[in-house]
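S.K.: This is the content of protein_31.csv (CSV, C-alpha atoms):
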chain,number,residue,atom,x,y,z
Z,9,MET,CA,5.1,9.7,2.4
Z,10,ILE,CA,5.8,7.8,-0.8
Z,11,ALA,CA,3.7,9.0,-3.8
Z,12,ILE,CA,3.3,9.5,-7.5
Z,13,GLN,CA,1.0,12.4,-8.1
Z,14,THR,CA,0.0,15.3,-10.4
Z,15,GLU,CA,-0.3,17.8,-7.6
Z,16,ASP,CA,2.6,20.0,-6.5
Z,17,VAL,CA,4.4,19.4,-3.2
Z,18,ASP,CA,4.5,21.5,0.0
Z,19,ILE,CA,8.2,21.1,0.7
Z,20,GLY,CA,8.1,23.2,3.9
Z,21,LYS,CA,5.5,21.0,5.5
Z,22,LEU,CA,7.4,17.8,4.5
Z,23,VAL,CA,10.5,19.3,6.2
Z,24,SER,CA,8.6,20.2,9.3
Z,25,ASP,CA,7.0,16.7,9.5
Z,26,ALA,CA,10.4,15.0,8.9
Z,27,ARG,CA,11.8,16.2,12.3
Z,28,ARG,CA,12.2,13.5,15.0
Z,29,ARG,CA,13.6,14.0,18.5
Z,30,ASN,CA,16.9,12.5,17.4
Z,31,THR,CA,17.1,14.3,14.0
Z,32,GLY,CA,20.3,16.2,13.5
Z,33,ALA,CA,20.1,16.8,9.7
Z,34,ILE,CA,17.4,17.0,7.0
Z,35,VAL,CA,18.4,16.9,3.4
Z,36,VAL,CA,16.0,18.0,0.7
Z,37,PHE,CA,16.5,17.0,-3.0
Z,38,ASP,CA,14.2,19.0,-5.3
Z,39,GLY,CA,14.4,18.0,-9.0
Z,40,VAL,CA,13.1,20.8,-11.2
Z,41,VAL,CA,12.1,21.1,-14.9
Z,42,ARG,CA,15.1,22.8,-16.5
Z,43,ASP,CA,14.8,25.1,-19.5
Z,44,ASP,CA,16.6,23.1,-22.1
Z,45,ASP,CA,14.9,25.1,-24.8
Z,46,ILE,CA,11.6,23.4,-24.0
Z,47,THR,CA,8.1,24.6,-23.5
Z,48,ASP,CA,6.9,21.9,-21.0
Z,49,MET,CA,7.6,18.4,-19.9
Z,50,ASP,CA,5.2,15.4,-19.9
Z,51,LEU,CA,5.9,12.7,-17.3
Z,52,GLU,CA,4.3,9.2,-17.2
Z,53,ALA,CA,4.8,6.3,-14.8
Z,54,TYR,CA,3.9,2.6,-14.5
Z,55,GLU,CA,2.2,3.8,-11.4
Z,56,ASN,CA,1.5,0.8,-9.2
Z,57,VAL,CA,4.9,-0.8,-9.9
Z,58,ALA,CA,6.7,2.6,-9.5
Z,59,VAL,CA,5.2,3.2,-6.1
Z,60,THR,CA,6.2,-0.3,-5.0
Z,61,GLU,CA,9.7,0.3,-6.2
Z,62,LEU,CA,9.9,3.7,-4.5
Z,63,GLU,CA,8.8,2.0,-1.2
Z,64,ASN,CA,11.5,-0.6,-1.6
Z,65,ILE,CA,14.1,2.1,-2.3
Z,66,ALA,CA,13.0,4.0,0.8
Z,67,ARG,CA,13.2,0.9,3.0
Z,68,LYS,CA,16.6,0.0,1.7
Z,69,ALA,CA,17.9,3.5,2.2
Z,70,THR,CA,16.5,3.6,5.7
Z,71,GLU,CA,18.3,0.4,6.7
Z,72,LYS,CA,21.6,1.2,4.9
Z,73,TYR,CA,21.9,4.8,6.3
Z,74,GLN,CA,19.9,4.6,9.6
Z,75,LEU,CA,17.4,7.2,8.3
Z,76,LEU,CA,14.7,8.4,10.7
Z,77,HIS,CA,12.3,9.5,8.0
Z,78,VAL,CA,12.0,9.4,4.2
Z,79,ASP,CA,9.6,11.1,1.8
Z,80,ILE,CA,9.7,10.5,-1.9
Z,81,ILE,CA,7.1,12.3,-4.1
Z,82,HIS,CA,7.4,12.1,-7.9
Z,83,ARG,CA,5.1,14.1,-10.0
Z,84,ILE,CA,3.6,13.0,-13.3
Z,85,GLY,CA,1.5,14.8,-16.0
Z,86,ARG,CA,2.4,18.1,-17.7
Z,87,LEU,CA,4.9,20.3,-15.9
Z,88,SER,CA,6.3,23.7,-16.9
Z,89,VAL,CA,9.8,25.0,-16.6
Z,90,GLY,CA,10.7,25.7,-13.0
Z,91,GLU,CA,8.1,23.3,-11.5
Z,92,ASN,CA,9.0,20.5,-9.1
Z,93,ILE,CA,9.4,17.0,-10.6
Z,94,LEU,CA,10.7,15.0,-7.7
Z,95,VAL,CA,11.1,15.8,-4.0
Z,96,ILE,CA,13.1,13.7,-1.6
Z,97,VAL,CA,13.2,14.5,2.1
Z,98,VAL,CA,15.6,12.6,4.3
Z,99,SER,CA,15.9,12.9,8.1
Z,100,ALA,CA,18.9,11.4,9.9
Z,101,GLY,CA,20.8,11.8,13.1
Z,102,HIS,CA,23.9,13.2,11.3
Z,103,ARG,CA,24.7,15.0,8.0
Z,104,ASN,CA,26.7,12.1,6.4
Z,105,GLU,CA,23.8,9.7,6.7
Z,106,ALA,CA,21.3,12.3,5.4
Z,107,TYR,CA,23.4,13.3,2.4
Z,108,GLU,CA,24.4,9.7,1.5
Z,109,GLY,CA,20.8,8.4,2.0
Z,110,SER,CA,19.4,11.2,-0.2
Z,111,ARG,CA,22.0,10.4,-2.9
Z,112,TYR,CA,21.3,6.7,-2.8
Z,113,ILE,CA,17.6,7.3,-3.3
Z,114,ILE,CA,17.9,9.6,-6.3
Z,115,GLU,CA,20.4,7.3,-8.0
Z,116,ALA,CA,18.2,4.3,-7.4
Z,117,ILE,CA,15.2,6.1,-8.9
Z,118,LYS,CA,17.2,7.0,-12.0
Z,119,ASP,CA,18.5,3.5,-12.3
Z,120,GLY,CA,15.2,1.6,-12.4
Z,121,VAL,CA,11.9,3.1,-11.4
Z,122,PRO,CA,9.5,3.0,-14.4
Z,123,ILE,CA,9.0,6.7,-15.0
Z,124,TRP,CA,9.6,8.5,-18.3
Z,125,LYS,CA,9.9,12.1,-19.3
Z,126,LYS,CA,9.2,13.8,-22.6
Z,127,GLU,CA,10.5,17.2,-23.3
Z,128,LEU,CA,8.0,19.3,-25.3
Z,129,THR,CA,9.4,21.8,-27.8
Z,130,LYS,CA,8.0,24.3,-30.3
Z,131,ASP,CA,8.7,21.7,-33.0
Z,132,GLY,CA,7.2,18.7,-31.2
Z,133,GLY,CA,8.8,16.6,-28.5
Z,134,ARG,CA,11.7,14.2,-27.5
Z,135,TRP,CA,11.8,11.4,-25.0
Z,136,VAL,CA,14.5,11.8,-22.4
Z,137,PRO,CA,16.9,8.8,-22.9
Z,138,GLY,CA,17.3,6.6,-19.9
Z,139,GLU,CA,20.8,6.7,-18.3
Z,140,GLN,CA,21.5,3.1,-17.2
Z,141,MET,CA,18.7,0.6,-17.1
Z,142,HIS,CA,18.1,-2.0,-19.8
Z,143,GLY,CA,16.6,-5.4,-20.1
Z,144,ARG,CA,19.8,-7.3,-19.7
Z,145,ARG,CA,20.6,-5.7,-16.4
Z,146,ILE,CA,18.0,-6.4,-13.8
Z,147,GLU,CA,20.0,-6.6,-10.5
Z,148,ARG,CA,20.2,-3.2,-8.9
Z,149,HIS,CA,21.1,-1.7,-5.5
Z,150,SER,CA,21.2,-4.9,-3.6
E,161,MET,CA,-4.6,-40.8,-15.0
E,162,ARG,CA,-7.0,-38.5,-16.9
E,163,TYR,CA,-5.5,-36.7,-19.8
E,164,LYS,CA,-6.9,-33.3,-20.8
E,165,LYS,CA,-8.5,-33.1,-24.2
E,166,ARG,CA,-6.7,-30.9,-26.8
E,167,GLU,CA,-9.5,-28.3,-26.7
E,168,GLU,CA,-9.2,-28.0,-22.9
E,169,THR,CA,-5.4,-27.4,-23.0
E,170,GLU,CA,-5.8,-24.7,-25.7
E,171,GLU,CA,-8.3,-22.7,-23.7
E,172,LYS,CA,-8.2,-19.0,-24.4
E,173,MET,CA,-6.9,-16.7,-21.6
E,174,SER,CA,-7.0,-13.0,-21.0
E,175,VAL,CA,-3.6,-11.2,-20.8
E,176,MET,CA,-3.1,-7.5,-20.6
E,177,ILE,CA,-0.3,-5.8,-22.6
E,178,ARG,CA,0.9,-2.4,-21.4
E,179,PHE,CA,3.3,-0.3,-23.4
E,180,PHE,CA,4.8,2.9,-22.0
E,181,ALA,CA,6.6,6.0,-23.3
E,182,GLN,CA,7.4,6.0,-27.0
E,183,PHE,CA,6.2,2.4,-27.3
E,184,ARG,CA,2.8,3.5,-26.0
E,185,GLU,CA,2.7,6.4,-28.5
E,186,LEU,CA,3.3,3.9,-31.3
E,187,LEU,CA,1.2,1.0,-30.2
E,188,GLY,CA,-1.3,2.1,-27.6
E,189,THR,CA,-1.6,0.5,-24.2
E,190,ASP,CA,-3.8,-1.6,-21.9
E,191,ILE,CA,-4.5,-4.0,-24.7
E,192,ILE,CA,-6.5,-7.0,-23.7
E,193,THR,CA,-5.4,-10.1,-25.6
E,194,GLU,CA,-6.8,-13.6,-25.6
E,195,PRO,CA,-3.9,-15.9,-26.4
E,196,LEU,CA,-4.1,-19.7,-26.3
E,197,SER,CA,-3.1,-21.3,-23.0
E,198,GLY,CA,0.7,-21.8,-22.7
E,199,GLY,CA,1.5,-19.3,-25.4
E,200,ALA,CA,4.9,-17.7,-25.6
E,201,LEU,CA,5.2,-14.1,-24.2
E,202,ALA,CA,7.5,-13.0,-27.1
E,203,ASP,CA,5.0,-14.2,-29.7
E,204,LEU,CA,2.2,-12.4,-28.0
E,205,ILE,CA,4.1,-9.1,-27.9
E,206,LYS,CA,5.1,-9.6,-31.6
E,207,GLU,CA,1.5,-10.2,-32.6
E,208,VAL,CA,0.3,-7.0,-30.8
E,209,ALA,CA,3.3,-4.9,-32.0
E,210,SER,CA,3.0,-6.0,-35.6
E,211,LYS,CA,0.1,-3.6,-36.2
E,212,ASN,CA,2.6,-0.8,-36.4
E,213,LYS,CA,5.9,-1.3,-38.1
E,214,GLU,CA,7.7,1.5,-36.3
E,215,GLY,CA,6.4,0.2,-33.0
E,216,TYR,CA,7.5,-3.3,-33.9
E,217,ASP,CA,10.9,-2.2,-35.0
E,218,ALA,CA,11.4,-0.2,-31.8
E,219,ILE,CA,11.0,-3.3,-29.7
E,220,PHE,CA,12.4,-6.1,-31.9
E,221,ASN,CA,15.6,-6.3,-34.0
E,222,GLU,CA,15.9,-7.6,-37.5
E,223,ASN,CA,16.2,-11.2,-36.2
E,224,GLY,CA,12.9,-10.9,-34.3
E,225,ALA,CA,14.6,-10.8,-30.9
E,226,PHE,CA,14.0,-8.1,-28.2
E,227,ARG,CA,16.3,-5.2,-28.6
E,228,GLU,CA,18.8,-5.1,-25.7
E,229,PHE,CA,17.5,-2.0,-24.1
E,230,VAL,CA,13.9,-3.2,-24.0
E,231,ILE,CA,12.5,-3.9,-20.5
E,232,ILE,CA,9.8,-6.5,-20.0
E,233,MET,CA,7.8,-6.9,-16.8
E,234,LYS,CA,5.5,-9.8,-16.0
E,235,ASN,CA,3.1,-9.0,-13.2
E,236,GLY,CA,5.3,-6.2,-11.9
E,237,LYS,CA,8.6,-8.3,-12.0
E,238,ARG,CA,11.3,-7.7,-14.4
E,239,LEU,CA,12.3,-10.4,-16.8
E,240,ASP,CA,15.7,-10.6,-18.4
E,241,THR,CA,15.0,-10.1,-22.1
E,242,ALA,CA,16.9,-13.3,-22.9
E,243,HIS,CA,14.5,-15.1,-20.5
E,244,ALA,CA,11.5,-13.3,-21.9
E,245,GLU,CA,12.1,-15.0,-25.3
E,246,ASN,CA,11.1,-18.3,-23.7
E,247,ALA,CA,8.6,-17.1,-21.1
E,248,ARG,CA,5.0,-18.3,-21.2
E,249,VAL,CA,1.9,-16.3,-20.3
E,250,ALA,CA,-0.9,-17.4,-18.1
E,251,ASP,CA,-4.5,-16.3,-17.6
E,252,GLY,CA,-4.7,-12.9,-15.9
E,253,ASP,CA,-1.0,-11.9,-16.5
E,254,GLU,CA,-0.1,-8.3,-17.0
E,255,ILE,CA,2.8,-7.8,-19.4
E,256,ALA,CA,4.6,-4.4,-19.5
E,257,VAL,CA,7.0,-3.5,-22.3
E,258,PHE,CA,9.0,-0.2,-22.1
E,259,PRO,CA,12.2,1.6,-23.0
E,260,PRO,CA,14.9,2.6,-20.4
E,261,VAL,CA,13.5,4.6,-17.6
E,262,ALA,CA,14.2,8.3,-17.1
E,263,GLY,CA,12.6,9.4,-13.9
E,264,GLY,CA,14.0,11.8,-11.3
Would you mind writing the structure in this file as structure tokens?

M.R.:
Amino acid sequence: MIAIQTEDVDIGKLVSDARRRNTGAIVVFDGVVRDDDITDMDLEAYENVAVTELENIARKATEKYQLLHVDIIHRIGRLSVGENILVIVVSAGHRNEAYEGSRYIIEAIKDGVPIWKKELTKDGGRWVPGEQMHGRRIERHS
Amino acid sequence: MRYKKREETEEKMSVMIRFFAQFRELLGTDIITEPLSGGALADLIKEVASKNKEGYDAIFNENGAFREFVIIMKNGKRLDTAHAENARVADGDEIAVFPPVAGG
């Protein structure tokens, strides 16, 4: 399942559904709203483009690490401290592929998928600065 | 050969401009514009952004060029900002302008 949604994620169900007969390892990445002296977090996405890019990342990770199943669910809207932001579930035959595939997916998302976060504080808010991507660097994760 | 008349070649089009994150806060989003056929993408964004100085200055530097970190998409595909300076828009295009991404 690849999705951008406001609703929370049933991680237990995703893990159950990720099992295949030849699955030997399932890795779950759960990105959570951290309390950096904030009240809430607002997330927005360029939704149709972001979903397409998440699908491309999942396909590339599947090919590169021989993954058996991938879920990527990124939430948008207003989230409170402790809530899930991003859930990635990766199923593979062995732990190395599962760990490396999961790591590839989160780094690719941070590198280029059009999603933004604004941390809300008692005094207003601040946009979380992007880590890597800018307009003069468009080739990624080939 | 038949040549188009001037008024035919300068027919108005419909182009959607979408800003995201802090650019959206300053400039709004989903702005329908009607540029002349063959217009420059950079000029169109400048025109729309000029309604708010802070928004304009967030996207363009003092020389009127895109700031290096600005990301431009045309119909869901990234354009290098250097290429975006010379890109043209066509009827039905969707142009997205946004700062570096921060998902995950």

S.K.: What are the residues of chain E that have an atom within 10 Å of an atom of chain Z, counting only C-alpha atoms, as a PDB file with C-alpha atoms, in the coordinates of the input?

M.R.:
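Output saved as part24.pdb:
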ATOM      1  CA  ARG E 178       0.900  -2.400 -21.400  1.00  0.00           C
ATOM      2  CA  PHE E 179       3.300  -0.300 -23.400  1.00  0.00           C
ATOM      3  CA  PHE E 180       4.800   2.900 -22.000  1.00  0.00           C
ATOM      4  CA  ALA E 181       6.600   6.000 -23.300  1.00  0.00           C
ATOM      5  CA  GLN E 182       7.400   6.000 -27.000  1.00  0.00           C
ATOM      6  CA  PHE E 226      14.000  -8.100 -28.200  1.00  0.00           C
ATOM      7  CA  ARG E 227      16.300  -5.200 -28.600  1.00  0.00           C
ATOM      8  CA  GLU E 228      18.800  -5.100 -25.700  1.00  0.00           C
ATOM      9  CA  PHE E 229      17.500  -2.000 -24.100  1.00  0.00           C
ATOM     10  CA  VAL E 230      13.900  -3.200 -24.000  1.00  0.00           C
ATOM     11  CA  ILE E 231      12.500  -3.900 -20.500  1.00  0.00           C
ATOM     12  CA  ILE E 232       9.800  -6.500 -20.000  1.00  0.00           C
ATOM     13  CA  MET E 233       7.800  -6.900 -16.800  1.00  0.00           C
ATOM     14  CA  ASN E 235       3.100  -9.000 -13.200  1.00  0.00           C
ATOM     15  CA  GLY E 236       5.300  -6.200 -11.900  1.00  0.00           C
ATOM     16  CA  LYS E 237       8.600  -8.300 -12.000  1.00  0.00           C
ATOM     17  CA  ARG E 238      11.300  -7.700 -14.400  1.00  0.00           C
ATOM     18  CA  LEU E 239      12.300 -10.400 -16.800  1.00  0.00           C
ATOM     19  CA  ASP E 240      15.700 -10.600 -18.400  1.00  0.00           C
ATOM     20  CA  THR E 241      15.000 -10.100 -22.100  1.00  0.00           C
ATOM     21  CA  ALA E 242      16.900 -13.300 -22.900  1.00  0.00           C
ATOM     22  CA  HIS E 243      14.500 -15.100 -20.500  1.00  0.00           C
ATOM     23  CA  ALA E 244      11.500 -13.300 -21.900  1.00  0.00           C
ATOM     24  CA  ALA E 256       4.600  -4.400 -19.500  1.00  0.00           C
ATOM     25  CA  PHE E 258       9.000  -0.200 -22.100  1.00  0.00           C
ATOM     26  CA  PRO E 259      12.200   1.600 -23.000  1.00  0.00           C
ATOM     27  CA  PRO E 260      14.900   2.600 -20.400  1.00  0.00           C
ATOM     28  CA  VAL E 261      13.500   4.600 -17.600  1.00  0.00           C
ATOM     29  CA  ALA E 262      14.200   8.300 -17.100  1.00  0.00           C
ATOM     30  CA  GLY E 263      12.600   9.400 -13.900  1.00  0.00           C
ATOM     31  CA  GLY E 264      14.000  11.800 -11.300  1.00  0.00           C
TER      32      GLY E 264
END

S.K.: From the options E:Leu187, E:Val249, E:Ala225, E:Val257, which residue's atoms come nearest to Leu201 in chain E, counting only C-alpha atoms?

M.R.: E:Val249

S.K.: Considering all atoms listed in the file, can you say which of Z:Met49, Z:Ile80, Z:Leu128, Z:Val35 comes closest to Val98 in chain Z?

M.R.: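 Of the candidates, the smallest distance to Val98 in chain Z is held by Z:Val35.
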
S.K.: Taking 6 positions as the minimum chain separation for residues in the same chain, which residues sit within 10 Å of Glu63 in chain Z when counting all atoms listed in the file? Answer as an MDAnalysis selection string.

M.R.: chainID Z and resid 9:11 57 69 78:80

S.K.: Suppose you want the space between CA of Asp50 in chain Z and CA of Gly85 in chain Z; what is it in Å?

M.R.: 5.4 Å

S.K.: If we count all atoms listed in the file, what is near Asp43 in chain Z at a cut-off of 12 Å, once residues fewer than 6 positions away on the same chain are taken out, given as a count of residues only?

M.R.: 9

S.K.: Suppose you want the space between CA of Asp16 in chain Z and CA of Leu62 in chain Z; what is it in Å?

M.R.: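 One can read the CA of Asp16 in chain Z to CA of Leu62 in chain Z distance as 18.0 Å.
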
S.K.: Just the number, please: distance in Å from CA of Gly252 in chain E to CA of Val175 in chain E, one decimal.

M.R.: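 Rounded to one decimal, the two atoms are 5.3 Å apart.
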
S.K.: Please produce range 242-253 of chain E, completed to N, CA and C atoms, as an mmCIF file, in the frame of the given file.

M.R.:
data_model
loop_
_atom_site.group_PDB
_atom_site.id
_atom_site.type_symbol
_atom_site.label_atom_id
_atom_site.label_comp_id
_atom_site.auth_asym_id
_atom_site.auth_seq_id
_atom_site.Cartn_x
_atom_site.Cartn_y
_atom_site.Cartn_z
ATOM 1 N N ALA E 242 16.537 -12.014 -22.382
ATOM 2 C CA ALA E 242 16.900 -13.300 -22.900
ATOM 3 C C ALA E 242 15.900 -14.380 -22.354
ATOM 4 N N HIS E 243 15.513 -14.229 -21.083
ATOM 5 C CA HIS E 243 14.500 -15.100 -20.500
ATOM 6 C C HIS E 243 13.147 -14.902 -21.046
ATOM 7 N N ALA E 244 12.856 -13.643 -21.364
ATOM 8 C CA ALA E 244 11.500 -13.300 -21.900
ATOM 9 C C ALA E 244 11.250 -13.991 -23.205
ATOM 10 N N GLU E 245 12.318 -14.293 -23.969
ATOM 11 C CA GLU E 245 12.100 -15.000 -25.300
ATOM 12 C C GLU E 245 11.408 -16.308 -25.054
ATOM 13 N N ASN E 246 11.682 -16.962 -23.927
ATOM 14 C CA ASN E 246 11.100 -18.300 -23.700
ATOM 15 C C ASN E 246 9.988 -18.326 -22.680
ATOM 16 N N ALA E 247 9.671 -17.170 -22.104
ATOM 17 C CA ALA E 247 8.600 -17.100 -21.100
ATOM 18 C C ALA E 247 7.260 -17.433 -21.632
ATOM 19 N N ARG E 248 6.410 -17.960 -20.799
ATOM 20 C CA ARG E 248 5.000 -18.300 -21.200
ATOM 21 C C ARG E 248 4.084 -17.346 -20.461
ATOM 22 N N VAL E 249 2.914 -17.158 -21.012
ATOM 23 C CA VAL E 249 1.900 -16.300 -20.300
ATOM 24 C C VAL E 249 0.822 -17.224 -19.766
ATOM 25 N N ALA E 250 0.199 -16.711 -18.709
ATOM 26 C CA ALA E 250 -0.900 -17.400 -18.100
ATOM 27 C C ALA E 250 -2.099 -16.498 -17.942
ATOM 28 N N ASP E 251 -3.253 -17.075 -17.720
ATOM 29 C CA ASP E 251 -4.500 -16.300 -17.600
ATOM 30 C C ASP E 251 -4.348 -15.226 -16.519
ATOM 31 N N GLY E 252 -4.707 -13.987 -16.843
ATOM 32 C CA GLY E 252 -4.700 -12.900 -15.900
ATOM 33 C C GLY E 252 -3.325 -12.184 -15.785
ATOM 34 N N ASP E 253 -2.346 -12.613 -16.556
ATOM 35 C CA ASP E 253 -1.000 -11.900 -16.500
ATOM 36 C C ASP E 253 -1.132 -10.506 -17.036
#
